[in-house]
>>> print(open('structure_39.tsv').read())   # TSV, C-alpha atoms
chain	number	residue	atom	x	y	z
A	274	MET	CA	-22.64	5.80	-3.10
A	275	ALA	CA	-23.04	2.14	-4.02
A	276	GLN	CA	-23.34	-0.05	-0.93
A	277	VAL	CA	-21.97	-3.54	-1.55
A	278	ALA	CA	-21.75	-6.73	0.52
A	279	VAL	CA	-18.23	-7.57	1.70
A	280	ASP	CA	-18.29	-11.21	0.61
A	281	GLY	CA	-20.06	-10.32	-2.62
A	282	ILE	CA	-17.60	-7.68	-3.79
A	283	ARG	CA	-14.69	-9.92	-2.81
A	284	ASP	CA	-16.09	-12.81	-4.86
A	285	VAL	CA	-17.00	-10.77	-7.92
A	286	SER	CA	-13.58	-9.03	-7.89
A	287	SER	CA	-11.97	-12.47	-7.91
A	288	ARG	CA	-14.16	-13.43	-10.89
A	289	VAL	CA	-13.13	-10.31	-12.78
A	290	PHE	CA	-9.43	-11.02	-12.26
A	291	ALA	CA	-9.81	-14.67	-13.21
A	292	ALA	CA	-11.71	-13.72	-16.36
A	293	ALA	CA	-8.80	-11.42	-17.25
A	294	GLY	CA	-6.42	-14.39	-17.18
A	295	MET	CA	-5.27	-14.49	-13.56
A	296	PRO	CA	-4.97	-17.97	-12.01
A	297	HIS	CA	-7.85	-18.61	-9.62
A	298	ASP	CA	-5.67	-18.82	-6.49
A	299	MET	CA	-4.07	-15.46	-7.32
A	300	ALA	CA	-7.38	-13.86	-8.26
A	301	LYS	CA	-8.94	-14.92	-4.98
A	302	GLN	CA	-6.02	-13.71	-2.87
A	303	LEU	CA	-5.71	-10.39	-4.67
A	304	ALA	CA	-9.41	-9.72	-4.10
A	305	VAL	CA	-8.92	-10.50	-0.39
A	306	TRP	CA	-6.09	-7.97	-0.13
A	307	LEU	CA	-8.06	-5.24	-1.90
A	308	VAL	CA	-11.18	-5.71	0.21
A	309	THR	CA	-9.01	-5.74	3.34
A	310	SER	CA	-7.78	-2.27	2.38
A	311	ASN	CA	-11.38	-1.04	2.23
A	312	LEU	CA	-12.15	-2.67	5.56
A	313	SER	CA	-9.00	-1.10	7.02
A	314	GLY	CA	-10.30	2.36	6.18
A	315	HIS	CA	-8.12	2.87	3.09
A	316	PRO	CA	-10.35	2.63	0.00
A	317	SER	CA	-7.55	4.36	-1.93
A	318	HIS	CA	-5.85	0.96	-2.09
A	319	GLY	CA	-8.95	-1.18	-2.25
A	320	ILE	CA	-11.66	-2.04	-4.75
A	321	GLN	CA	-11.09	1.16	-6.71
A	322	ARG	CA	-7.88	-0.50	-7.98
A	323	VAL	CA	-9.75	-3.28	-9.83
A	324	PRO	CA	-10.45	-1.15	-12.94
A	325	GLU	CA	-6.85	0.10	-12.92
A	326	TYR	CA	-5.42	-3.42	-12.85
A	327	ILE	CA	-7.77	-4.63	-15.58
A	328	ARG	CA	-6.73	-1.70	-17.78
A	329	GLN	CA	-3.09	-2.61	-17.17
A	330	ILE	CA	-3.75	-6.22	-18.14
A	331	HIS	CA	-5.53	-5.17	-21.33
A	332	ALA	CA	-2.66	-2.82	-22.18
A	333	GLY	CA	-0.04	-5.50	-21.56
A	334	ASN	CA	1.48	-3.64	-18.62
A	335	MET	CA	0.52	-6.31	-16.08
A	336	VAL	CA	0.96	-10.03	-16.74
A	337	PRO	CA	-1.94	-11.60	-14.84
A	338	GLU	CA	-0.46	-15.08	-14.50
A	339	ALA	CA	3.09	-13.99	-13.62
A	340	ARG	CA	4.50	-14.84	-10.20
A	341	PRO	CA	7.65	-13.42	-8.59
A	342	ARG	CA	10.93	-15.29	-8.98
A	343	VAL	CA	14.28	-15.15	-7.20
A	344	VAL	CA	17.02	-13.37	-9.15
A	345	SER	CA	19.76	-13.67	-6.53
A	346	GLU	CA	19.98	-14.81	-2.92
A	347	THR	CA	22.41	-15.16	-0.02
A	348	GLU	CA	21.89	-16.11	3.62
A	349	THR	CA	20.95	-12.52	4.44
A	350	THR	CA	19.72	-11.03	1.14
A	351	VAL	CA	17.17	-11.78	-1.57
A	352	PHE	CA	16.42	-9.98	-4.82
A	353	LEU	CA	13.15	-10.75	-6.61
A	354	ASP	CA	11.84	-10.14	-10.10
A	355	GLY	CA	8.15	-9.29	-9.92
A	356	SER	CA	7.81	-10.43	-13.56
A	357	ARG	CA	5.27	-7.61	-14.15
A	358	GLY	CA	2.69	-9.70	-12.36
A	359	PRO	CA	0.30	-8.34	-9.71
A	360	GLY	CA	2.70	-6.53	-7.38
A	361	HIS	CA	1.02	-7.66	-4.16
A	362	PHE	CA	2.46	-11.14	-4.63
A	363	ALA	CA	6.01	-9.86	-4.99
A	364	ALA	CA	5.66	-7.75	-1.83
A	365	ALA	CA	4.19	-10.67	0.12
A	366	ASP	CA	6.92	-13.02	-1.12
A	367	LEU	CA	9.64	-10.54	-0.21
A	368	THR	CA	8.18	-10.12	3.28
A	369	ARG	CA	7.97	-13.87	3.90
A	370	ARG	CA	11.50	-14.50	2.63
A	371	LEU	CA	12.99	-11.68	4.71
A	372	ALA	CA	11.19	-12.94	7.82
A	373	ALA	CA	12.48	-16.47	7.31
A	374	LYS	CA	16.04	-15.30	6.69
A	375	CYS	CA	16.29	-12.93	9.63
A	376	GLN	CA	15.04	-15.56	12.06
A	377	SER	CA	18.19	-17.55	11.29
A	378	SER	CA	20.57	-14.66	10.59
A	379	GLN	CA	19.03	-11.92	12.80
A	380	ILE	CA	18.75	-9.39	9.96
A	381	ALA	CA	17.92	-9.60	6.26
A	382	MET	CA	17.64	-7.18	3.36
A	383	GLY	CA	16.03	-7.45	-0.04
A	384	GLY	CA	14.19	-5.86	-2.89
A	385	VAL	CA	11.91	-6.29	-5.87
A	386	MET	CA	12.39	-5.14	-9.44
A	387	ASN	CA	10.02	-5.23	-12.40
A	388	HIS	CA	6.91	-4.93	-10.27
A	389	THR	CA	3.49	-3.36	-10.60
A	390	HIS	CA	1.47	-1.66	-7.85
A	391	ILE	CA	2.18	-3.47	-4.56
A	392	GLY	CA	-0.94	-2.29	-2.72
A	393	ARG	CA	-1.22	-0.98	0.82
A	394	LEU	CA	2.27	-1.24	2.33
A	395	GLY	CA	0.76	-1.67	5.79
A	396	GLU	CA	-0.47	-5.09	4.63
A	397	TRP	CA	3.14	-6.27	4.46
A	398	ALA	CA	4.12	-4.65	7.75
A	399	GLU	CA	1.17	-6.46	9.36
A	400	LEU	CA	2.26	-9.73	7.73
A	401	ALA	CA	5.79	-9.29	9.09
A	402	THR	CA	4.55	-8.77	12.64
A	403	ASP	CA	2.38	-11.88	12.27
A	404	LEU	CA	5.60	-13.69	11.34
A	405	GLY	CA	7.29	-12.28	14.46
A	406	VAL	CA	9.76	-9.80	12.95
A	407	LEU	CA	10.24	-6.06	12.52
A	408	LEU	CA	10.02	-4.83	8.92
A	409	TYR	CA	10.89	-1.63	7.08
A	410	LEU	CA	9.53	-1.40	3.53
A	411	SER	CA	9.49	1.49	1.06
A	412	GLN	CA	9.04	2.25	-2.60
A	413	GLY	CA	10.84	5.36	-3.76
A	414	SER	CA	10.76	6.83	-7.25
A	415	PRO	CA	13.68	8.17	-9.28
A	416	ALA	CA	14.24	11.89	-8.72
A	417	THR	CA	12.83	12.54	-12.19
A	418	VAL	CA	9.12	11.99	-11.45
A	419	PRO	CA	7.13	15.26	-11.60
A	420	MET	CA	4.39	14.32	-9.12
A	421	THR	CA	5.65	15.57	-5.73
A	422	ALA	CA	7.62	18.73	-4.94
A	423	THR	CA	10.14	18.63	-2.12
A	424	PHE	CA	10.39	21.45	0.43
A	425	GLY	CA	11.24	24.73	-1.25
A	426	ALA	CA	10.83	23.38	-4.80
A	427	ALA	CA	8.48	24.89	-7.37
A	428	GLU	CA	8.25	21.68	-9.40
A	429	GLY	CA	7.95	17.98	-8.70
A	430	ARG	CA	10.87	15.58	-8.60
A	431	LEU	CA	9.51	12.55	-6.68
A	432	GLY	CA	6.56	10.18	-6.59
A	433	THR	CA	4.42	9.59	-3.51
A	434	ASN	CA	7.23	7.38	-2.10
A	435	PRO	CA	5.34	5.33	0.50
A	436	ILE	CA	7.02	3.87	3.57
A	437	ALA	CA	5.90	1.29	6.13
A	438	PHE	CA	7.26	-0.12	9.36
A	439	GLY	CA	5.95	-2.86	11.61
A	440	ALA	CA	7.05	-4.13	15.03
A	441	PRO	CA	5.46	-6.99	17.00
A	442	GLY	CA	4.47	-6.54	20.63
A	443	LEU	CA	2.80	-9.15	22.84
A	444	ASP	CA	-0.40	-11.15	22.38
A	445	GLY	CA	-0.90	-10.02	18.80
A	446	ASP	CA	-0.47	-6.30	19.52
A	447	ARG	CA	1.79	-4.36	17.19
A	448	PHE	CA	2.97	-1.04	15.80
A	449	VAL	CA	2.21	-0.61	12.07
A	450	SER	CA	2.87	2.69	10.32
A	451	ASP	CA	2.15	3.14	6.62
A	452	PHE	CA	2.08	6.47	4.83
A	453	ALA	CA	2.96	8.25	1.63
A	454	THR	CA	5.73	10.79	2.07
A	455	SER	CA	3.72	13.10	-0.15
A	456	VAL	CA	1.12	14.84	1.98
A	457	ALA	CA	-1.37	12.12	0.93
A	458	ALA	CA	-1.37	9.02	-1.23
A	459	GLU	CA	-2.35	9.54	-4.87
A	460	GLY	CA	-5.24	7.12	-4.40
A	461	LYS	CA	-6.81	9.44	-1.85
A	462	PHE	CA	-7.08	12.08	-4.56
A	463	ARG	CA	-8.92	9.53	-6.71
A	464	VAL	CA	-11.33	8.83	-3.87
A	465	ALA	CA	-11.97	12.57	-3.41
A	466	ARG	CA	-12.38	13.09	-7.17
A	467	ASP	CA	-14.78	10.17	-7.57
A	468	SER	CA	-16.75	11.29	-4.50
A	469	GLY	CA	-17.04	14.88	-5.72
A	470	LYS	CA	-15.12	16.22	-2.72
A	471	SER	CA	-12.34	18.73	-2.24
A	472	VAL	CA	-8.96	17.98	-0.66
A	473	PRO	CA	-7.54	20.02	2.24
A	474	GLU	CA	-5.68	23.25	1.66
A	475	GLY	CA	-1.92	22.70	1.43
A	476	TRP	CA	-2.03	19.31	-0.27
A	477	LEU	CA	-1.84	20.36	-3.89
A	478	ARG	CA	-0.73	22.98	-6.41
A	479	ASP	CA	-2.36	23.30	-9.81
A	480	ALA	CA	-0.46	23.38	-13.11
A	481	ASP	CA	0.22	27.10	-12.63
A	482	GLY	CA	1.70	26.60	-9.18
A	483	ARG	CA	-1.29	27.95	-7.26
A	484	SER	CA	-2.63	26.26	-4.15
A	485	SER	CA	-5.68	24.15	-5.00
A	486	THR	CA	-8.28	22.01	-3.25
A	487	ASP	CA	-9.63	20.46	-6.48
A	488	PRO	CA	-8.35	16.86	-6.77
A	489	ASN	CA	-8.82	17.01	-10.56
A	490	ASP	CA	-5.90	19.44	-10.71
A	491	LEU	CA	-3.50	16.64	-9.80
A	492	TYR	CA	-4.40	14.88	-13.06
A	493	ASN	CA	-4.11	18.08	-15.09
A	494	GLY	CA	-0.47	18.87	-14.46
A	495	GLY	CA	-0.68	19.64	-10.75
A	496	THR	CA	1.90	18.82	-8.09
A	497	LEU	CA	1.66	17.28	-4.64
A	498	LEU	CA	3.68	18.50	-1.67
A	499	THR	CA	5.63	16.36	0.77
A	500	PHE	CA	4.36	16.14	4.33
A	501	GLY	CA	6.18	17.83	7.19
A	502	GLU	CA	8.05	20.47	5.18
A	503	HIS	CA	11.83	19.81	5.22
A	504	LYS	CA	11.52	16.74	7.46
A	505	GLY	CA	9.05	14.98	5.21
A	506	SER	CA	11.13	15.90	2.17
A	507	ALA	CA	14.15	14.26	3.77
A	508	ILE	CA	12.23	11.03	4.41
A	509	ALA	CA	10.81	11.07	0.87
A	510	LEU	CA	14.28	11.42	-0.63
A	511	MET	CA	15.59	8.69	1.69
A	512	THR	CA	13.14	6.22	0.15
A	513	THR	CA	14.44	7.19	-3.29
A	514	LEU	CA	18.02	6.55	-2.22
A	515	PHE	CA	17.08	3.05	-1.04
A	516	SER	CA	14.91	2.22	-4.05
A	517	VAL	CA	17.10	3.77	-6.76
A	518	GLY	CA	20.53	3.80	-5.15
A	519	ILE	CA	20.44	0.25	-3.74
A	520	ILE	CA	17.75	-1.64	-5.67
A	521	GLY	CA	17.82	0.36	-8.91
A	522	SER	CA	21.58	0.08	-9.28
A	523	ALA	CA	21.23	-3.72	-9.19
A	524	ILE	CA	18.80	-3.49	-12.11
A	525	ASP	CA	20.50	-0.91	-14.31
A	526	GLN	CA	23.89	0.50	-13.34
A	527	SER	CA	23.62	3.42	-15.74
A	528	GLY	CA	20.04	4.59	-15.28
A	529	ASP	CA	17.37	5.58	-12.80
A	530	ALA	CA	15.64	2.24	-12.31
A	531	SER	CA	13.86	1.77	-9.00
A	532	GLY	CA	12.19	-0.96	-7.00
A	533	VAL	CA	10.86	-1.98	-3.61
A	534	PHE	CA	13.37	-2.02	-0.75
A	535	GLY	CA	12.97	-3.78	2.58
A	536	PHE	CA	14.82	-5.09	5.59
A	537	ALA	CA	13.73	-7.22	8.52
A	538	ILE	CA	15.07	-7.66	12.04
A	539	ASP	CA	14.50	-10.57	14.40
A	540	PRO	CA	13.53	-9.30	17.90
A	541	ASN	CA	15.94	-11.96	19.14
A	542	ALA	CA	18.84	-10.38	17.25
A	543	PHE	CA	20.81	-9.81	20.47
A	544	GLY	CA	19.62	-12.93	22.24
A	545	HIS	CA	16.77	-11.40	24.25
A	546	GLY	CA	13.73	-11.71	22.00
A	547	ASP	CA	11.17	-12.07	24.77
A	548	ALA	CA	12.52	-8.98	26.52
A	549	ALA	CA	12.59	-7.07	23.24
A	550	ARG	CA	8.94	-7.79	22.50
A	551	ALA	CA	7.98	-6.99	26.09
A	552	SER	CA	9.85	-3.68	25.82
A	553	ILE	CA	8.08	-2.85	22.55
A	554	GLN	CA	4.76	-3.59	24.26
A	555	ARG	CA	5.56	-1.32	27.21
A	556	GLN	CA	6.25	1.58	24.83
A	557	LEU	CA	2.95	1.01	23.02
A	558	ASP	CA	1.04	0.75	26.30
A	559	SER	CA	2.66	3.87	27.69
A	560	VAL	CA	1.80	5.98	24.64
A	561	ARG	CA	-1.80	4.77	24.65
A	562	ALA	CA	-2.08	5.56	28.36
A	563	ALA	CA	-1.37	9.27	27.83
A	564	ALA	CA	-4.24	11.64	28.62
A	565	PRO	CA	-6.03	12.52	25.37
A	566	ALA	CA	-5.94	16.09	24.16
A	567	GLU	CA	-9.11	18.15	23.82
A	568	GLY	CA	-11.24	16.76	21.01
A	569	PHE	CA	-9.87	13.22	21.29
A	570	ASP	CA	-11.42	10.27	23.10
A	571	SER	CA	-8.23	8.23	23.29
A	572	VAL	CA	-4.61	8.11	22.18
A	573	GLN	CA	-3.86	5.65	19.40
A	574	ILE	CA	-0.66	4.21	18.03
A	575	PRO	CA	-0.12	3.52	14.34
A	576	GLY	CA	-2.11	0.44	13.37
A	577	ASP	CA	-4.93	0.96	15.88
A	578	PHE	CA	-7.07	2.82	13.34
A	579	GLU	CA	-6.88	0.00	10.79
A	580	ARG	CA	-7.59	-2.70	13.36
A	581	GLN	CA	-10.58	-0.83	14.76
A	582	SER	CA	-11.87	-0.10	11.25
A	583	ARG	CA	-11.75	-3.79	10.33
A	584	GLU	CA	-13.64	-4.69	13.48
A	585	ALA	CA	-16.28	-2.04	12.88
A	586	MET	CA	-16.74	-2.76	9.16
A	587	ALA	CA	-16.43	-6.55	9.20
A	588	ASP	CA	-20.10	-7.11	8.39
A	589	GLY	CA	-20.24	-4.32	5.80
A	590	PRO	CA	-21.59	-2.94	3.70
A	591	LEU	CA	-18.75	-1.20	1.91
A	592	GLU	CA	-19.49	2.17	0.35
A	593	ILE	CA	-18.13	2.70	-3.16
A	594	PRO	CA	-18.37	6.14	-4.84
A	595	ASP	CA	-20.74	6.06	-7.81
A	596	ALA	CA	-17.98	7.03	-10.25
A	597	THR	CA	-15.76	4.22	-8.97
A	598	TRP	CA	-18.66	1.77	-9.19
A	599	GLU	CA	-19.26	2.66	-12.83
A	600	LEU	CA	-15.59	2.06	-13.59
A	601	PHE	CA	-15.83	-1.30	-11.80
A	602	LEU	CA	-18.87	-2.24	-13.94
A	603	GLU	CA	-16.99	-1.26	-17.09
A	604	ALA	CA	-13.97	-3.34	-16.06
A	605	ALA	CA	-16.20	-6.37	-15.42
A	606	ALA	CA	-17.93	-5.93	-18.77
A	607	SER	CA	-14.54	-5.77	-20.52
A	608	VAL	CA	-13.89	-9.38	-19.42
A	609	ASP	CA	-17.46	-10.53	-20.14
A	610	ILE	CA	-18.79	-10.55	-16.60
A	611	PRO	CA	-22.50	-9.62	-16.91
A	612	ARG	CA	-23.49	-6.31	-15.34
A	613	SER	CA	-26.33	-8.11	-13.55
A	614	ASP	CA	-23.82	-10.39	-11.78
A	615	VAL	CA	-21.92	-7.38	-10.48
A	616	GLU	CA	-25.01	-5.41	-9.50
A	617	ALA	CA	-26.18	-8.45	-7.52
A	618	VAL	CA	-23.56	-7.74	-4.83
A	619	ARG	CA	-25.24	-4.47	-3.87
A	620	ALA	CA	-26.35	-4.64	-0.25
A	621	SER	CA	-30.11	-5.00	0.13
>>> encode(input="structure_39.tsv", output="structure tokens")
Amino acid sequence: MAQVAVDGIRDVSSRVFAAAGMPHDMAKQLAVWLVTSNLSGHPSHGIQRVPEYIRQIHAGNMVPEARPRVVSETETTVFLDGSRGPGHFAAADLTRRLAAKCQSSQIAMGGVMNHTHIGRLGEWAELATDLGVLLYLSQGSPATVPMTATFGAAEGRLGTNPIAFGAPGLDGDRFVSDFATSVAAEGKFRVARDSGKSVPEGWLRDADGRSSTDPNDLYNGGTLLTFGEHKGSAIALMTTLFSVGIIGSAIDQSGDASGVFGFAIDPNAFGHGDAARASIQRQLDSVRAAAPAEGFDSVQIPGDFERQSREAMADGPLEIPDATWELFLEAAASVDIPRSDVEAVRAS
């Protein structure tokens, strides 16, 4: 494992993006979001994505300077074109616009087309709660993607189809759920692969349909499973119906285009915002107050893990698998950042 300083890896990631043609303000912010994912306990959506994004820029699949733009808009809806720029900015823009709209119209709905990877969806659910609204956000694939098999299926039809939801409580407390509807996010298989570890039984089938714990099998024709058997499959397909049926049909009426779908609700939608937030807080407090089961020290609600991880890891160092670190060094070298500059961020 490479141990790196938090500020150092954030700064050098920003340099790498800027050297690849990304405006400095975007490069700096994107690096902040990626490091926050590591700090939040989700390296699958953190620094390991830097080499991926640089490869996409080199291949012409990501336009580093592109910013999202509004395609259409009403008082309660907004549709954005991500312009093939870094997808985090489209997701952040959608979240901010939905929050602003629903605070005047009580509810708002929108989506993003033509986007790249939008990062950890919990980032946008957290942003929404900071803005004082409830947010649902998901990214479903067309039912033609061979990565994830639904319940009872021998072959894949969906992507990982992530979904997030955030709700603000009182005094900065909040509920924030964020999960792939496949049994695990694809990035977690990368982390396991690069760390030389196995994945749990029941996550993966190899190319011959046999149960596997080798993460490499996913990249050699293997198939993920959805979580929760038939229930998880239903939620996974729901995200596809939002992303393809609602957003995709606005992009291409004859095909299987897809995009990001979201809607936001003002807690004051029925005129009792303070009571609504207080009620949300009571539910969170009540769940946390339950007696913990054997083997648990406390009962958490979604979002507690990430908050506690950020508090515990704030001073670093971050641990990066050696294989991931080598890919990072190669990405930096591809944009003429000296290896010595990158190695300098290793924690002493």
>>> atom_distance(input="structure_39.tsv", atom1="atom CA of Pro296 of chain A", atom2="atom CA of Gly532 of chain A")
24.7 Å
>>> closest_residue(input="structure_39.tsv", among="A:Thr421, A:Ser522, A:Ser313, A:Ser506", to="Arg478 of chain A", atoms="only C-alpha atoms")
A:Thr421
>>> closest_residue(input="structure_39.tsv", among="A:Ala587, A:Ala562, A:Ile593, A:Val344", to="Asp280 of chain A", atoms="only C-alpha atoms")
A:Ala587
>>> residues_near_point(input="structure_39.tsv", point="(6.6, -6.6, 18.6)", cutoff="7 Å", atoms="all atoms listed in the file", output="CSV table (one decimal) with C-alpha atoms, keeping the file's coordinate frame")
chain,number,residue,atom,x,y,z
A,402,THR,CA,4.6,-8.8,12.6
A,440,ALA,CA,7.0,-4.1,15.0
A,441,PRO,CA,5.5,-7.0,17.0
A,442,GLY,CA,4.5,-6.5,20.6
A,443,LEU,CA,2.8,-9.2,22.8
A,447,ARG,CA,1.8,-4.4,17.2
A,550,ARG,CA,8.9,-7.8,22.5
A,553,ILE,CA,8.1,-2.8,22.6
A,554,GLN,CA,4.8,-3.6,24.3
>>> residues_near_point(input="structure_39.tsv", point="(-19.5, -1.3, -2.9)", cutoff="8 Å", atoms="all atoms listed in the file", output="VMD selection string")
chain A and resid 274 to 279 282 590 to 594 598 618 to 619
>>> residues_around(input="structure_39.tsv", residues="Leu491 of chain A", least_positions_apart="5", cutoff="9 Å", atoms="all atoms listed in the file", output="number ranges by chain")
A: 420, 459, 462, 477-480, 496-497
>>> atom_distance(input="structure_39.tsv", atom1="atom CA of Thr349 of chain A", atom2="atom CA of Phe543 of chain A")
16.3 Å
>>> atom_distance(input="structure_39.tsv", atom1="atom CA of Arg561 of chain A", atom2="atom CA of Ile574 of chain A")
6.7 Å
>>> closest_residue(input="structure_39.tsv", among="A:Met299, A:Ala551, A:Ile330, A:Ile524", to="Phe362 of chain A", atoms="all atoms listed in the file")
A:Met299
>>> closest_residue(input="structure_39.tsv", among="A:Leu303, A:Ala523, A:Ala458, A:Val385", to="His315 of chain A", atoms="only C-alpha atoms")
A:Ala458
>>> closest_residue(input="structure_39.tsv", among="A:Gly528, A:Pro359, A:Gly294, A:Gly319", to="His331 of chain A", atoms="all atoms listed in the file")
A:Gly294
>>> axis_aligned_box(input="structure_39.tsv", around="segment 443-452 of chain A", padding_each_side="3 Å", output="AutoDock Vina command-line options")
--center_x 1.0 --center_y -2.3 --center_z 13.8 --size_x 9.9 --size_y 23.6 --size_z 24.0
>>> residues_around(input="structure_39.tsv", residues="Ala365 of chain A", least_positions_apart="5", cutoff="9 Å", atoms="only C-alpha atoms", output="list in words")
Gly360, Arg370, Ile391, Glu396, Trp397 and Leu400 of chain A
>>> closest_residue(input="structure_39.tsv", among="A:His388, A:Asp614, A:Leu498, A:Ala453", to="Arg430 of chain A", atoms="all atoms listed in the file")
A:Leu498
>>> residues_around(input="structure_39.tsv", residues="Ala291 of chain A", least_positions_apart="2", cutoff="12 Å", atoms="all atoms listed in the file", output="ChimeraX atom specification")
/A:284-289,293-304,323,327,330,337-338,605,608-610
>>> residues_around(input="structure_39.tsv", residues="Glu502 of chain A", least_positions_apart="4", cutoff="12 Å", atoms="all atoms listed in the file", output="compact mmCIF listing (two decimals) with C-alpha atoms, keeping the file's coordinate frame")
# COMPACT_ATOMS: atom_id res chain seq x y z
CA ALA A 422 7.62 18.73 -4.94
CA THR A 423 10.14 18.63 -2.12
CA PHE A 424 10.39 21.45 0.43
CA GLY A 425 11.24 24.73 -1.25
CA ALA A 426 10.83 23.38 -4.80
CA THR A 454 5.73 10.79 2.07
CA SER A 455 3.72 13.10 -0.15
CA VAL A 456 1.12 14.84 1.98
CA GLY A 475 -1.92 22.70 1.43
CA TRP A 476 -2.03 19.31 -0.27
CA LEU A 498 3.68 18.50 -1.67
CA SER A 506 11.13 15.90 2.17
CA ALA A 507 14.15 14.26 3.77
CA ILE A 508 12.23 11.03 4.41
CA ALA A 509 10.81 11.07 0.87
>>> decode(input="structure_39.tsv", residues="segment 308-314 of chain A", atoms="all heavy atoms", output="PDB file, in the first residue's frame")
ATOM      1  N   VAL A 308     -11.055  12.950  -3.466  1.00  0.00           N
ATOM      2  CA  VAL A 308     -10.435  12.696  -2.167  1.00  0.00           C
ATOM      3  C   VAL A 308     -11.502  12.545  -1.089  1.00  0.00           C
ATOM      4  O   VAL A 308     -11.357  11.722  -0.170  1.00  0.00           O
ATOM      5  CB  VAL A 308      -9.435  13.817  -1.815  1.00  0.00           C
ATOM      6  CG1 VAL A 308      -8.963  13.692  -0.363  1.00  0.00           C
ATOM      7  CG2 VAL A 308      -8.233  13.751  -2.752  1.00  0.00           C
ATOM      8  N   THR A 309     -12.590  13.303  -1.196  1.00  0.00           N
ATOM      9  CA  THR A 309     -13.685  13.161  -0.231  1.00  0.00           C
ATOM     10  C   THR A 309     -14.257  11.752  -0.255  1.00  0.00           C
ATOM     11  O   THR A 309     -14.633  11.205   0.789  1.00  0.00           O
ATOM     12  CB  THR A 309     -14.788  14.194  -0.515  1.00  0.00           C
ATOM     13  OG1 THR A 309     -14.257  15.510  -0.347  1.00  0.00           O
ATOM     14  CG2 THR A 309     -15.970  14.014   0.436  1.00  0.00           C
ATOM     15  N   SER A 310     -14.316  11.135  -1.429  1.00  0.00           N
ATOM     16  CA  SER A 310     -14.788   9.749  -1.500  1.00  0.00           C
ATOM     17  C   SER A 310     -13.863   8.816  -0.733  1.00  0.00           C
ATOM     18  O   SER A 310     -14.326   7.933  -0.001  1.00  0.00           O
ATOM     19  CB  SER A 310     -14.899   9.300  -2.967  1.00  0.00           C
ATOM     20  OG  SER A 310     -15.984   9.940  -3.605  1.00  0.00           O
ATOM     21  N   ASN A 311     -12.547   9.002  -0.882  1.00  0.00           N
ATOM     22  CA  ASN A 311     -11.608   8.202  -0.088  1.00  0.00           C
ATOM     23  C   ASN A 311     -11.817   8.428   1.396  1.00  0.00           C
ATOM     24  O   ASN A 311     -11.882   7.474   2.188  1.00  0.00           O
ATOM     25  CB  ASN A 311     -10.166   8.553  -0.458  1.00  0.00           C
ATOM     26  CG  ASN A 311      -9.715   7.918  -1.755  1.00  0.00           C
ATOM     27  OD1 ASN A 311      -9.952   8.474  -2.820  1.00  0.00           O
ATOM     28  ND2 ASN A 311      -9.087   6.758  -1.670  1.00  0.00           N
ATOM     29  N   LEU A 312     -11.919   9.692   1.788  1.00  0.00           N
ATOM     30  CA  LEU A 312     -12.099  10.014   3.199  1.00  0.00           C
ATOM     31  C   LEU A 312     -13.413   9.449   3.737  1.00  0.00           C
ATOM     32  O   LEU A 312     -13.511   9.102   4.920  1.00  0.00           O
ATOM     33  CB  LEU A 312     -12.068  11.533   3.402  1.00  0.00           C
ATOM     34  CG  LEU A 312     -10.729  12.221   3.142  1.00  0.00           C
ATOM     35  CD1 LEU A 312     -10.895  13.745   3.207  1.00  0.00           C
ATOM     36  CD2 LEU A 312      -9.679  11.763   4.153  1.00  0.00           C
ATOM     37  N   SER A 313     -14.410   9.349   2.870  1.00  0.00           N
ATOM     38  CA  SER A 313     -15.725   8.848   3.272  1.00  0.00           C
ATOM     39  C   SER A 313     -15.770   7.337   3.367  1.00  0.00           C
ATOM     40  O   SER A 313     -16.814   6.762   3.689  1.00  0.00           O
ATOM     41  CB  SER A 313     -16.806   9.331   2.290  1.00  0.00           C
ATOM     42  OG  SER A 313     -16.873  10.742   2.265  1.00  0.00           O
ATOM     43  N   GLY A 314     -14.646   6.687   3.084  1.00  0.00           N
ATOM     44  CA  GLY A 314     -14.598   5.232   3.169  1.00  0.00           C
ATOM     45  C   GLY A 314     -14.970   4.523   1.893  1.00  0.00           C
ATOM     46  O   GLY A 314     -15.228   3.314   1.899  1.00  0.00           O
TER      47      GLY A 314
END
